[in-house]
file query-v1.cif (mmCIF, C-alpha atoms)
data_final
#
loop_
_atom_site.label_atom_id
_atom_site.label_comp_id
_atom_site.auth_asym_id
_atom_site.auth_seq_id
_atom_site.Cartn_x
_atom_site.Cartn_y
_atom_site.Cartn_z
CA MET A 1 -30.32 -31.91 10.42
CA ASN A 2 -31.24 -28.30 9.73
CA SER A 3 -29.75 -26.21 6.97
CA GLN A 4 -27.41 -24.39 9.35
CA ALA A 5 -25.75 -27.60 10.43
CA ALA A 6 -25.52 -28.74 6.82
CA LEU A 7 -23.22 -25.85 5.96
CA SER A 8 -19.73 -27.24 6.28
CA ARG A 9 -17.12 -25.31 8.20
CA GLU A 10 -15.01 -24.93 5.06
CA LEU A 11 -17.94 -23.60 3.07
CA ALA A 12 -18.90 -21.15 5.82
CA LEU A 13 -15.35 -19.85 5.82
CA ARG A 14 -15.39 -19.40 2.05
CA ILE A 15 -18.66 -17.50 2.22
CA GLY A 16 -17.20 -15.22 4.87
CA LEU A 17 -14.06 -14.61 2.80
CA ALA A 18 -16.02 -14.06 -0.38
CA ALA A 19 -18.29 -11.55 1.36
CA ARG A 20 -15.21 -9.67 2.55
CA ALA A 21 -13.99 -9.39 -1.03
CA LEU A 22 -17.20 -7.60 -2.03
CA PRO A 23 -17.93 -3.97 -1.21
CA ASP A 24 -20.40 -3.34 1.63
CA THR A 25 -21.20 -7.00 1.93
CA ASP A 26 -21.31 -9.12 5.06
CA ALA A 27 -21.73 -12.87 5.16
CA LYS A 28 -25.44 -12.48 5.86
CA ARG A 29 -26.05 -10.48 2.68
CA LEU A 30 -24.05 -12.89 0.53
CA LEU A 31 -25.81 -15.83 2.15
CA SER A 32 -29.22 -14.38 1.30
CA VAL A 33 -28.18 -13.96 -2.32
CA LEU A 34 -26.76 -17.48 -2.45
CA THR A 35 -29.94 -18.88 -0.92
CA ASP A 36 -31.93 -17.13 -3.63
CA CYS A 37 -29.51 -18.50 -6.22
CA ILE A 38 -29.42 -22.16 -5.34
CA GLY A 39 -31.79 -22.65 -2.42
CA LEU A 40 -31.06 -24.38 0.85
CA PRO A 41 -29.10 -26.32 1.81
CA ILE A 42 -26.04 -24.66 0.33
CA THR A 43 -23.63 -27.33 -0.82
CA GLU A 44 -20.35 -27.37 -2.62
CA GLU A 45 -21.91 -29.09 -5.65
CA LYS A 46 -24.56 -26.42 -6.01
CA ILE A 47 -22.05 -23.59 -5.62
CA ALA A 48 -19.93 -25.12 -8.37
CA GLY A 49 -22.91 -24.62 -10.68
CA ILE A 50 -23.17 -20.87 -10.11
CA ASN A 51 -21.82 -18.64 -12.82
CA LEU A 52 -21.20 -14.91 -12.90
CA LYS A 53 -24.56 -14.18 -14.50
CA THR A 54 -26.65 -16.09 -11.99
CA LEU A 55 -24.81 -14.46 -9.11
CA LYS A 56 -25.33 -11.05 -10.65
CA THR A 57 -29.05 -11.39 -11.26
CA ALA A 58 -29.98 -13.33 -8.14
CA LYS A 59 -32.24 -11.70 -5.57
CA ALA A 60 -33.51 -9.11 -8.06
CA GLY A 61 -30.02 -8.01 -9.01
CA GLU A 62 -28.63 -7.42 -5.51
CA PHE A 63 -25.06 -7.49 -6.86
CA LEU A 64 -25.85 -5.81 -10.18
CA ASP A 65 -23.72 -2.74 -9.51
CA VAL A 66 -20.69 -4.63 -8.14
CA ASP A 67 -17.63 -4.61 -10.38
CA GLU A 68 -17.38 -7.82 -12.42
CA PRO A 69 -13.75 -8.61 -11.55
CA LEU A 70 -14.67 -8.42 -7.86
CA LEU A 71 -17.66 -10.72 -8.36
CA THR A 72 -15.56 -13.17 -10.33
CA TYR A 73 -13.00 -13.12 -7.58
CA ALA A 74 -15.65 -13.68 -4.89
CA LEU A 75 -17.03 -16.55 -6.95
CA ASN A 76 -13.54 -18.05 -7.16
CA ILE A 77 -13.25 -17.93 -3.39
CA LEU A 78 -16.66 -19.57 -3.03
CA LYS A 79 -15.68 -22.38 -5.34
CA SER A 80 -12.13 -23.07 -4.28
CA GLY A 81 -11.19 -20.96 -1.28
CA LEU A 82 -8.34 -18.47 -1.12
CA ASP A 83 -5.65 -20.90 -2.29
CA THR A 84 -6.13 -20.27 -5.97
CA PRO A 85 -5.21 -16.73 -6.92
CA PRO A 86 -7.86 -15.12 -9.10
CA SER A 87 -7.16 -15.76 -12.75
CA ALA A 88 -7.33 -12.03 -13.46
CA LEU A 89 -4.14 -11.66 -11.47
CA LYS A 90 -1.64 -12.95 -13.99
CA GLN A 91 1.93 -12.49 -12.99
CA GLU A 92 4.23 -11.14 -15.66
CA THR A 93 7.94 -11.42 -15.95
CA TYR A 94 10.08 -8.38 -15.43
CA ILE A 95 13.73 -7.96 -16.21
CA ASP A 96 15.67 -5.00 -14.82
CA GLY A 97 15.65 -2.18 -17.32
CA ASP A 98 12.38 -3.32 -18.94
CA MET A 99 10.49 -0.29 -17.79
CA PRO A 100 12.58 2.87 -17.61
CA GLY A 101 11.32 5.47 -15.17
CA SER A 102 9.43 2.93 -13.13
CA VAL A 103 9.13 2.23 -9.44
CA ARG A 104 8.54 -1.05 -7.65
CA ILE A 105 5.78 -1.08 -5.11
CA ALA A 106 4.56 -3.59 -2.56
CA CYS A 107 0.91 -3.67 -1.48
CA ALA A 108 0.01 -5.35 1.80
CA SER A 109 -3.08 -7.35 0.98
CA ASN A 110 -5.27 -10.14 2.26
CA ASP A 111 -7.54 -10.55 -0.74
CA GLY A 112 -5.15 -9.69 -3.58
CA ILE A 113 -7.49 -6.94 -4.79
CA ASN A 114 -7.39 -4.29 -2.10
CA VAL A 115 -4.68 -2.73 0.02
CA ASP A 116 -6.41 -4.12 3.08
CA GLY A 117 -3.50 -5.59 5.00
CA HIS A 118 -1.69 -4.65 8.17
CA PHE A 119 2.06 -4.77 7.61
CA GLY A 120 2.67 -7.36 10.30
CA SER A 121 -0.25 -9.65 9.54
CA CYS A 122 -1.24 -9.43 5.85
CA SER A 123 -1.32 -12.73 3.98
CA GLN A 124 0.55 -11.49 0.91
CA PHE A 125 2.58 -8.68 -0.57
CA MET A 126 1.56 -7.90 -4.13
CA ILE A 127 4.63 -6.63 -5.96
CA TYR A 128 4.05 -4.34 -8.93
CA GLN A 129 6.43 -2.53 -11.23
CA VAL A 130 4.77 0.73 -12.18
CA SER A 131 5.72 3.31 -14.80
CA ALA A 132 3.71 6.23 -16.16
CA ASP A 133 1.95 4.05 -18.73
CA GLU A 134 2.38 0.48 -17.59
CA ALA A 135 1.88 -1.59 -14.46
CA ARG A 136 2.93 -5.20 -14.11
CA LEU A 137 2.18 -7.58 -11.29
CA ILE A 138 5.57 -9.19 -11.07
CA GLU A 139 5.25 -11.28 -7.94
CA ILE A 140 3.02 -12.25 -5.06
CA ARG A 141 5.14 -12.82 -1.98
CA ASN A 142 4.05 -14.90 0.95
CA PRO A 143 5.32 -13.42 4.23
CA GLU A 144 4.86 -16.64 6.20
CA ILE A 145 8.05 -17.55 8.01
CA PRO A 146 9.16 -20.93 6.63
CA HIS A 147 9.02 -23.83 9.07
CA GLY A 148 12.22 -24.34 10.95
CA LEU A 149 13.58 -20.89 10.24
CA GLU A 150 14.45 -18.94 13.36
CA VAL A 151 13.57 -15.30 12.96
CA ASP A 152 14.45 -12.73 15.61
CA ASP A 153 12.05 -10.10 14.43
CA LYS A 154 9.03 -10.89 12.29
CA ASN A 155 8.75 -7.31 11.06
CA VAL A 156 12.37 -7.17 9.94
CA PHE A 157 11.82 -10.47 8.11
CA ARG A 158 8.79 -8.97 6.36
CA ALA A 159 10.58 -5.73 5.51
CA GLU A 160 13.54 -7.65 4.05
CA LEU A 161 11.11 -9.64 1.94
CA ILE A 162 10.19 -6.46 0.06
CA GLN A 163 13.55 -4.73 0.28
CA ASP A 164 13.74 -4.34 -3.51
CA CYS A 165 10.60 -2.18 -3.46
CA GLN A 166 10.78 1.58 -3.19
CA VAL A 167 7.27 2.19 -1.91
CA LEU A 168 5.03 0.11 0.34
CA TYR A 169 1.29 0.61 0.64
CA ILE A 170 -0.42 -0.64 3.76
CA ALA A 171 -3.77 -0.21 5.48
CA SER A 172 -1.96 0.08 8.78
CA VAL A 173 1.46 -0.31 10.33
CA GLY A 174 2.88 0.13 13.82
CA GLY A 175 5.46 2.79 14.67
CA PRO A 176 8.47 0.55 15.40
CA ALA A 177 7.73 -1.54 12.29
CA ALA A 178 7.52 1.61 10.17
CA ALA A 179 10.95 2.63 11.44
CA LYS A 180 12.38 -0.74 10.35
CA ILE A 181 10.80 -0.32 6.91
CA VAL A 182 12.25 3.17 6.50
CA LYS A 183 15.67 1.89 7.58
CA LEU A 184 15.70 -0.47 4.62
CA GLY A 185 15.05 2.43 2.26
CA ILE A 186 11.40 1.60 1.65
CA HIS A 187 8.91 4.43 1.76
CA PRO A 188 5.80 3.31 3.69
CA MET A 189 2.47 4.81 2.70
CA LYS A 190 -0.36 4.21 5.15
CA LEU A 191 -3.67 4.75 3.41
CA PRO A 192 -6.51 6.57 5.16
CA GLY A 193 -8.95 3.80 4.22
CA VAL A 194 -9.09 0.58 2.23
CA GLU A 195 -8.50 1.27 -1.47
CA THR A 196 -8.14 -1.10 -4.38
CA ILE A 197 -4.64 -1.77 -5.67
CA ALA A 198 -5.86 -0.67 -9.12
CA ASP A 199 -6.81 2.76 -7.75
CA ILE A 200 -3.47 3.12 -5.99
CA ILE A 201 -1.62 2.30 -9.20
CA ASP A 202 -3.76 4.82 -11.09
CA GLN A 203 -2.91 7.55 -8.62
CA LEU A 204 0.77 6.67 -8.65
CA GLN A 205 0.86 6.71 -12.45
CA THR A 206 -0.67 10.19 -12.47
CA VAL A 207 2.06 11.35 -10.10
CA ILE A 208 4.83 9.70 -12.14
CA ALA A 209 3.51 11.17 -15.38
CA GLY A 210 3.27 14.63 -13.82
CA THR A 211 5.85 16.03 -11.47
CA PRO A 212 7.00 13.38 -9.03
CA PRO A 213 8.05 14.82 -5.67
CA PRO A 214 11.84 14.95 -5.30
CA TRP A 215 12.08 11.93 -2.99
CA LEU A 216 10.14 9.79 -5.49
CA ALA A 217 12.16 11.05 -8.44
CA LYS A 218 15.26 10.11 -6.47
CA VAL A 219 14.17 6.52 -5.76
CA MET A 220 13.06 6.17 -9.39
CA GLY A 221 16.63 6.89 -10.34
CA ILE A 222 15.93 10.11 -12.19
CA ASP A 223 19.11 12.14 -12.20
CA ALA A 224 18.95 15.27 -10.07
CA SER A 225 19.74 17.50 -13.03
CA ASP A 226 16.92 15.95 -15.07
CA ARG A 227 14.29 16.46 -12.43
CA PHE A 228 11.72 19.07 -13.12
CA ARG A 229 12.93 22.17 -11.39
CA PHE A 230 10.64 24.55 -9.67
CA GLU A 231 11.63 28.13 -9.75
CA ARG A 232 14.35 28.40 -7.15
CA GLU A 233 13.12 30.13 -4.10
CA ALA A 234 15.37 32.88 -2.78
CA THR A 235 17.43 31.43 0.00
CA GLY A 236 18.32 34.74 1.50
CA MET B 1 24.35 29.02 11.91
CA ALA B 2 21.29 27.38 10.59
CA LEU B 3 19.92 24.12 9.26
CA TYR B 4 18.57 23.26 5.84
CA ILE B 5 16.31 20.56 4.45
CA VAL B 6 17.69 18.31 1.71
CA GLU B 7 15.14 18.68 -1.07
CA ALA B 8 15.70 15.23 -2.57
CA ASP B 9 15.02 13.47 0.71
CA CYS B 10 12.20 15.48 2.29
CA ILE B 11 8.87 13.66 2.02
CA SER B 12 6.82 16.70 3.05
CA CYS B 13 5.37 14.98 6.09
CA GLY B 14 5.27 18.33 7.88
CA ASP B 15 6.31 16.91 11.26
CA CYS B 16 9.07 19.49 11.66
CA GLU B 17 6.95 22.59 11.15
CA PRO B 18 5.12 22.70 14.51
CA VAL B 19 8.14 21.77 16.64
CA CYS B 20 10.33 24.67 15.54
CA PRO B 21 10.67 27.09 18.45
CA THR B 22 11.48 30.02 16.17
CA MET B 23 8.80 29.24 13.55
CA SER B 24 11.49 29.12 10.89
CA ILE B 25 10.00 26.17 9.01
CA THR B 26 7.37 26.70 6.34
CA GLU B 27 6.00 24.66 3.48
CA GLY B 28 7.73 25.70 0.29
CA LYS B 29 6.75 25.10 -3.32
CA VAL B 30 8.53 21.76 -3.45
CA VAL B 31 9.23 20.63 0.08
CA PHE B 32 9.44 22.25 3.49
CA LYS B 33 12.14 24.85 3.98
CA ILE B 34 13.98 26.49 6.84
CA ASP B 35 14.52 30.24 7.02
CA LYS B 36 18.23 30.49 7.60
CA LYS B 37 17.90 34.02 8.91
CA THR B 38 15.83 32.94 11.89
CA CYS B 39 16.94 29.31 12.45
CA THR B 40 18.99 29.06 15.65
CA GLU B 41 19.50 25.28 15.51
CA CYS B 42 17.37 25.45 18.67
CA GLU B 43 20.21 26.95 20.69
CA GLY B 44 18.83 28.52 23.85
CA ASP B 45 15.58 26.55 23.54
CA PHE B 46 16.58 22.88 23.37
CA ASP B 47 19.65 20.69 23.60
CA VAL B 48 19.13 19.26 20.14
CA PRO B 49 17.46 20.71 17.03
CA GLN B 50 13.82 19.67 17.33
CA CYS B 51 13.25 19.29 13.58
CA VAL B 52 16.13 16.82 13.32
CA LYS B 53 14.73 14.93 16.29
CA VAL B 54 11.27 14.44 14.75
CA CYS B 55 12.30 14.03 11.11
CA PRO B 56 11.63 10.42 10.03
CA ILE B 57 14.34 10.49 7.35
CA ASP B 58 18.03 10.15 8.18
CA ASN B 59 20.31 12.99 7.06
CA CYS B 60 17.45 15.04 5.67
CA ILE B 61 18.03 18.10 7.84
CA LEU B 62 21.68 19.14 7.92
CA PRO B 63 23.70 22.13 9.11
CA LEU B 64 24.15 24.77 6.44
CA GLU B 65 27.77 25.25 5.54
CA ALA B 66 28.80 28.62 6.88
#

call {"tool": "encode", "arguments": {"input": "query-v1.cif", "output": "structure tokens"}}
result
Amino acid sequence: MNSQAALSRELALRIGLAARALPDTDAKRLLSVLTDCIGLPITEEKIAGINLKTLKTAKAGEFLDVDEPLLTYALNILKSGLDTPPSALKQETYIDGDMPGSVRIACASNDGINVDGHFGSCSQFMIYQVSADEARLIEIRNPEIPHGLEVDDKNVFRAELIQDCQVLYIASVGGPAAAKIVKLGIHPMKLPGVETIADIIDQLQTVIAGTPPPWLAKVMGIDASDRFRFEREATG
Amino acid sequence: MALYIVEADCISCGDCEPVCPTMSITEGKVVFKIDKKTCTECEGDFDVPQCVKVCPIDNCILPLEA
């Protein structure tokens, strides 16, 4: 049996998923680092022995400049697959009124780190409550349609799942689906490229702390009279 | 007769600007705005106001009370 055949299907899948979680990394690159780390054949037992430091320094520091949380996350996938959410992603409780001047956002994601999901096919919606100086991950919602439930329209089902959110970030969305999202009062934001959820939250916090555009101020529940007023333009 | 854009609802997508036959829509300081002196509600050009047709938000572009 050669080393290729020795790689179990499950392990190969994990390597592929872990590579996708890392920037500019394909399975081949990750595989070469792993080979340098633990040698061939790559087995589950040997992967379990890898820690963050060995992964970081392997192959002359190939992954030295990758963010540690991302590496930890990739390592988690390698060890246990996608089922276990990364420990860094602790969900916090949120009670209405906890964070005045906040907005609830949903991020379509496959890896839990990036906004890398298509609205109709992403594996999870990461729900955050975001104010100018705080951001809480309050829920991770699984958009799988439960067995036995008849759903007329998958996209309506998905949109209703995040109906309590004011803003939705996605990597892509189709036109008719976007219309259904807007109908439920959710503001869809299609990003020009894949960005991390952390970056998105940063940007949103800057906007909230500064002068939110009127539509955002409105969904945040800021009273019209309290909104920052630009100098009224002459209306004729 | 003219239309106006509800400031609190406009998301500044800019879709309305190029479709206006009288070039009455411009980007204002806050959101897009319609020049009520030149807006014709598309009468003579189209059956329905083009900005209302392309606007993704319901009830964002409304007739100005006379």

call {"tool": "atom_distance", "arguments": {"input": "query-v1.cif", "atom1": "atom CA of A:Tyr128", "atom2": "atom CA of A:Pro69"}}
result
18.5 Å

call {"tool": "resolve_selection", "arguments": {"input": "query-v1.cif", "expression": "the PyMOL selection byres ((chain A) within 7 of (chain B))", "output": "ChimeraX atom specification"}}
result
/A:214-215,218

call {"tool": "closest_residue", "arguments": {"input": "query-v1.cif", "among": "A:Lys56, A:His147, A:Arg20, A:Arg14", "to": "A:Gly112", "atoms": "all atoms listed in the file"}}
result
A:Arg20

call {"tool": "closest_residue", "arguments": {"input": "query-v1.cif", "among": "B:Cys42, B:Met23, B:Pro18, B:Cys13", "to": "B:Cys55", "atoms": "all atoms listed in the file"}}
result
B:Cys13

call {"tool": "residues_near_point", "arguments": {"input": "query-v1.cif", "point": "(-3.1, -1.6, -10.6)", "cutoff": "10 Å", "atoms": "only C-alpha atoms", "output": "list in words"}}
result
Ile113, Asn114, Tyr128, Gln129, Val130, Glu134, Ala135, Arg136, Leu137, Thr196, Ile197, Ala198, Asp199, Ile200, Ile201, Asp202, Gln203, Leu204 and Gln205 of chain A

call {"tool": "residues_around", "arguments": {"input": "query-v1.cif", "residues": "A:Leu52", "least_positions_apart": "4", "cutoff": "8 Å", "atoms": "only C-alpha atoms", "output": "mmCIF file with C-alpha atoms, keeping the file's coordinate frame"}}
result
data_model
loop_
_atom_site.group_PDB
_atom_site.id
_atom_site.type_symbol
_atom_site.label_atom_id
_atom_site.label_comp_id
_atom_site.auth_asym_id
_atom_site.auth_seq_id
_atom_site.Cartn_x
_atom_site.Cartn_y
_atom_site.Cartn_z
ATOM 1 C CA LYS A 56 -25.330 -11.050 -10.650
ATOM 2 C CA LEU A 71 -17.660 -10.720 -8.360
ATOM 3 C CA THR A 72 -15.560 -13.170 -10.330
ATOM 4 C CA LEU A 75 -17.030 -16.550 -6.950
#

call {"tool": "residues_near_point", "arguments": {"input": "query-v1.cif", "point": "(-16.3, -22.8, -7.5)", "cutoff": "8 Å", "atoms": "all atoms listed in the file", "output": "mmCIF file with C-alpha atoms, in the coordinates of the input"}}
result
data_model
loop_
_atom_site.group_PDB
_atom_site.id
_atom_site.type_symbol
_atom_site.label_atom_id
_atom_site.label_comp_id
_atom_site.auth_asym_id
_atom_site.auth_seq_id
_atom_site.Cartn_x
_atom_site.Cartn_y
_atom_site.Cartn_z
ATOM 1 C CA GLU A 44 -20.350 -27.370 -2.620
ATOM 2 C CA ILE A 47 -22.050 -23.590 -5.620
ATOM 3 C CA ALA A 48 -19.930 -25.120 -8.370
ATOM 4 C CA GLY A 49 -22.910 -24.620 -10.680
ATOM 5 C CA ILE A 50 -23.170 -20.870 -10.110
ATOM 6 C CA LEU A 75 -17.030 -16.550 -6.950
ATOM 7 C CA ASN A 76 -13.540 -18.050 -7.160
ATOM 8 C CA ILE A 77 -13.250 -17.930 -3.390
ATOM 9 C CA LEU A 78 -16.660 -19.570 -3.030
ATOM 10 C CA LYS A 79 -15.680 -22.380 -5.340
ATOM 11 C CA SER A 80 -12.130 -23.070 -4.280
#

call {"tool": "decode", "arguments": {"input": "query-v1.cif", "residues": "stretch 29-62 of chain B", "atoms": "N, CA and C atoms", "output": "compact mmCIF listing (two decimals), in the first residue's frame"}}
result
# COMPACT_ATOMS: atom_id res chain seq x y z
N LYS B 29 -25.51 65.06 0.04
CA LYS B 29 -24.56 64.87 1.14
C LYS B 29 -24.88 63.62 1.94
N VAL B 30 -26.17 63.33 2.10
CA VAL B 30 -26.56 62.19 2.90
C VAL B 30 -26.96 61.02 2.01
N VAL B 31 -27.99 61.22 1.24
CA VAL B 31 -28.44 60.18 0.32
C VAL B 31 -28.71 60.85 -1.04
N PHE B 32 -29.20 60.09 -1.98
CA PHE B 32 -29.51 60.66 -3.29
C PHE B 32 -30.73 61.58 -3.16
N LYS B 33 -30.79 62.57 -4.05
CA LYS B 33 -31.93 63.49 -3.98
C LYS B 33 -32.46 63.80 -5.39
N ILE B 34 -33.72 64.19 -5.41
CA ILE B 34 -34.37 64.50 -6.68
C ILE B 34 -34.64 66.00 -6.75
N ASP B 35 -34.25 66.60 -7.86
CA ASP B 35 -34.53 68.02 -8.05
C ASP B 35 -36.00 68.19 -8.42
N LYS B 36 -36.74 68.79 -7.49
CA LYS B 36 -38.18 68.85 -7.73
C LYS B 36 -38.55 69.83 -8.84
N LYS B 37 -37.59 70.69 -9.19
CA LYS B 37 -37.89 71.65 -10.26
C LYS B 37 -37.86 70.98 -11.65
N THR B 38 -37.07 69.91 -11.74
CA THR B 38 -36.97 69.28 -13.07
C THR B 38 -37.63 67.91 -13.15
N CYS B 39 -37.96 67.31 -11.97
CA CYS B 39 -38.59 65.98 -11.99
C CYS B 39 -39.97 66.07 -12.62
N THR B 40 -40.24 65.18 -13.58
CA THR B 40 -41.54 65.17 -14.26
C THR B 40 -42.35 63.93 -13.90
N GLU B 41 -41.82 63.13 -12.95
CA GLU B 41 -42.39 61.82 -12.64
C GLU B 41 -42.44 60.99 -13.92
N CYS B 42 -41.51 61.27 -14.82
CA CYS B 42 -41.33 60.55 -16.08
C CYS B 42 -42.48 60.74 -17.07
N GLU B 43 -43.37 61.70 -16.80
CA GLU B 43 -44.48 61.89 -17.72
C GLU B 43 -43.95 62.37 -19.08
N GLY B 44 -44.44 61.75 -20.13
CA GLY B 44 -43.97 62.07 -21.47
C GLY B 44 -42.84 61.16 -21.91
N ASP B 45 -42.12 60.57 -20.94
CA ASP B 45 -41.02 59.66 -21.30
C ASP B 45 -41.39 58.19 -21.08
N PHE B 46 -41.99 57.91 -19.91
CA PHE B 46 -42.31 56.52 -19.58
C PHE B 46 -43.68 56.46 -18.91
N ASP B 47 -44.24 55.25 -18.87
CA ASP B 47 -45.53 55.06 -18.22
C ASP B 47 -45.41 55.17 -16.70
N VAL B 48 -44.30 54.67 -16.19
CA VAL B 48 -44.13 54.72 -14.73
C VAL B 48 -42.80 55.39 -14.42
N PRO B 49 -42.71 56.06 -13.26
CA PRO B 49 -41.43 56.68 -12.88
C PRO B 49 -40.33 55.62 -12.83
N GLN B 50 -39.27 55.85 -13.56
CA GLN B 50 -38.20 54.86 -13.69
C GLN B 50 -37.45 54.65 -12.38
N CYS B 51 -37.28 55.71 -11.58
CA CYS B 51 -36.55 55.56 -10.33
C CYS B 51 -37.31 54.64 -9.37
N VAL B 52 -38.65 54.80 -9.35
CA VAL B 52 -39.46 53.96 -8.48
C VAL B 52 -39.36 52.51 -8.93
N LYS B 53 -39.31 52.33 -10.26
CA LYS B 53 -39.25 50.98 -10.82
C LYS B 53 -37.96 50.26 -10.41
N VAL B 54 -36.84 50.98 -10.42
CA VAL B 54 -35.57 50.29 -10.13
C VAL B 54 -35.20 50.31 -8.65
N CYS B 55 -35.84 51.16 -7.87
CA CYS B 55 -35.47 51.27 -6.45
C CYS B 55 -35.72 49.94 -5.73
N PRO B 56 -34.71 49.41 -5.02
CA PRO B 56 -34.89 48.12 -4.35
C PRO B 56 -35.69 48.21 -3.05
N ILE B 57 -35.93 49.42 -2.57
CA ILE B 57 -36.62 49.59 -1.29
C ILE B 57 -38.06 50.03 -1.54
N ASP B 58 -39.00 49.39 -0.84
CA ASP B 58 -40.40 49.79 -0.99
C ASP B 58 -40.64 51.15 -0.33
N ASN B 59 -41.48 51.95 -0.98
CA ASN B 59 -41.89 53.24 -0.43
C ASN B 59 -40.73 54.16 -0.09
N CYS B 60 -39.69 54.10 -0.89
CA CYS B 60 -38.54 54.98 -0.63
C CYS B 60 -38.62 56.23 -1.50
N ILE B 61 -39.25 56.10 -2.66
CA ILE B 61 -39.43 57.25 -3.54
C ILE B 61 -40.93 57.50 -3.65
N LEU B 62 -41.34 58.66 -3.16
CA LEU B 62 -42.78 58.96 -3.07
C LEU B 62 -43.09 60.29 -3.76
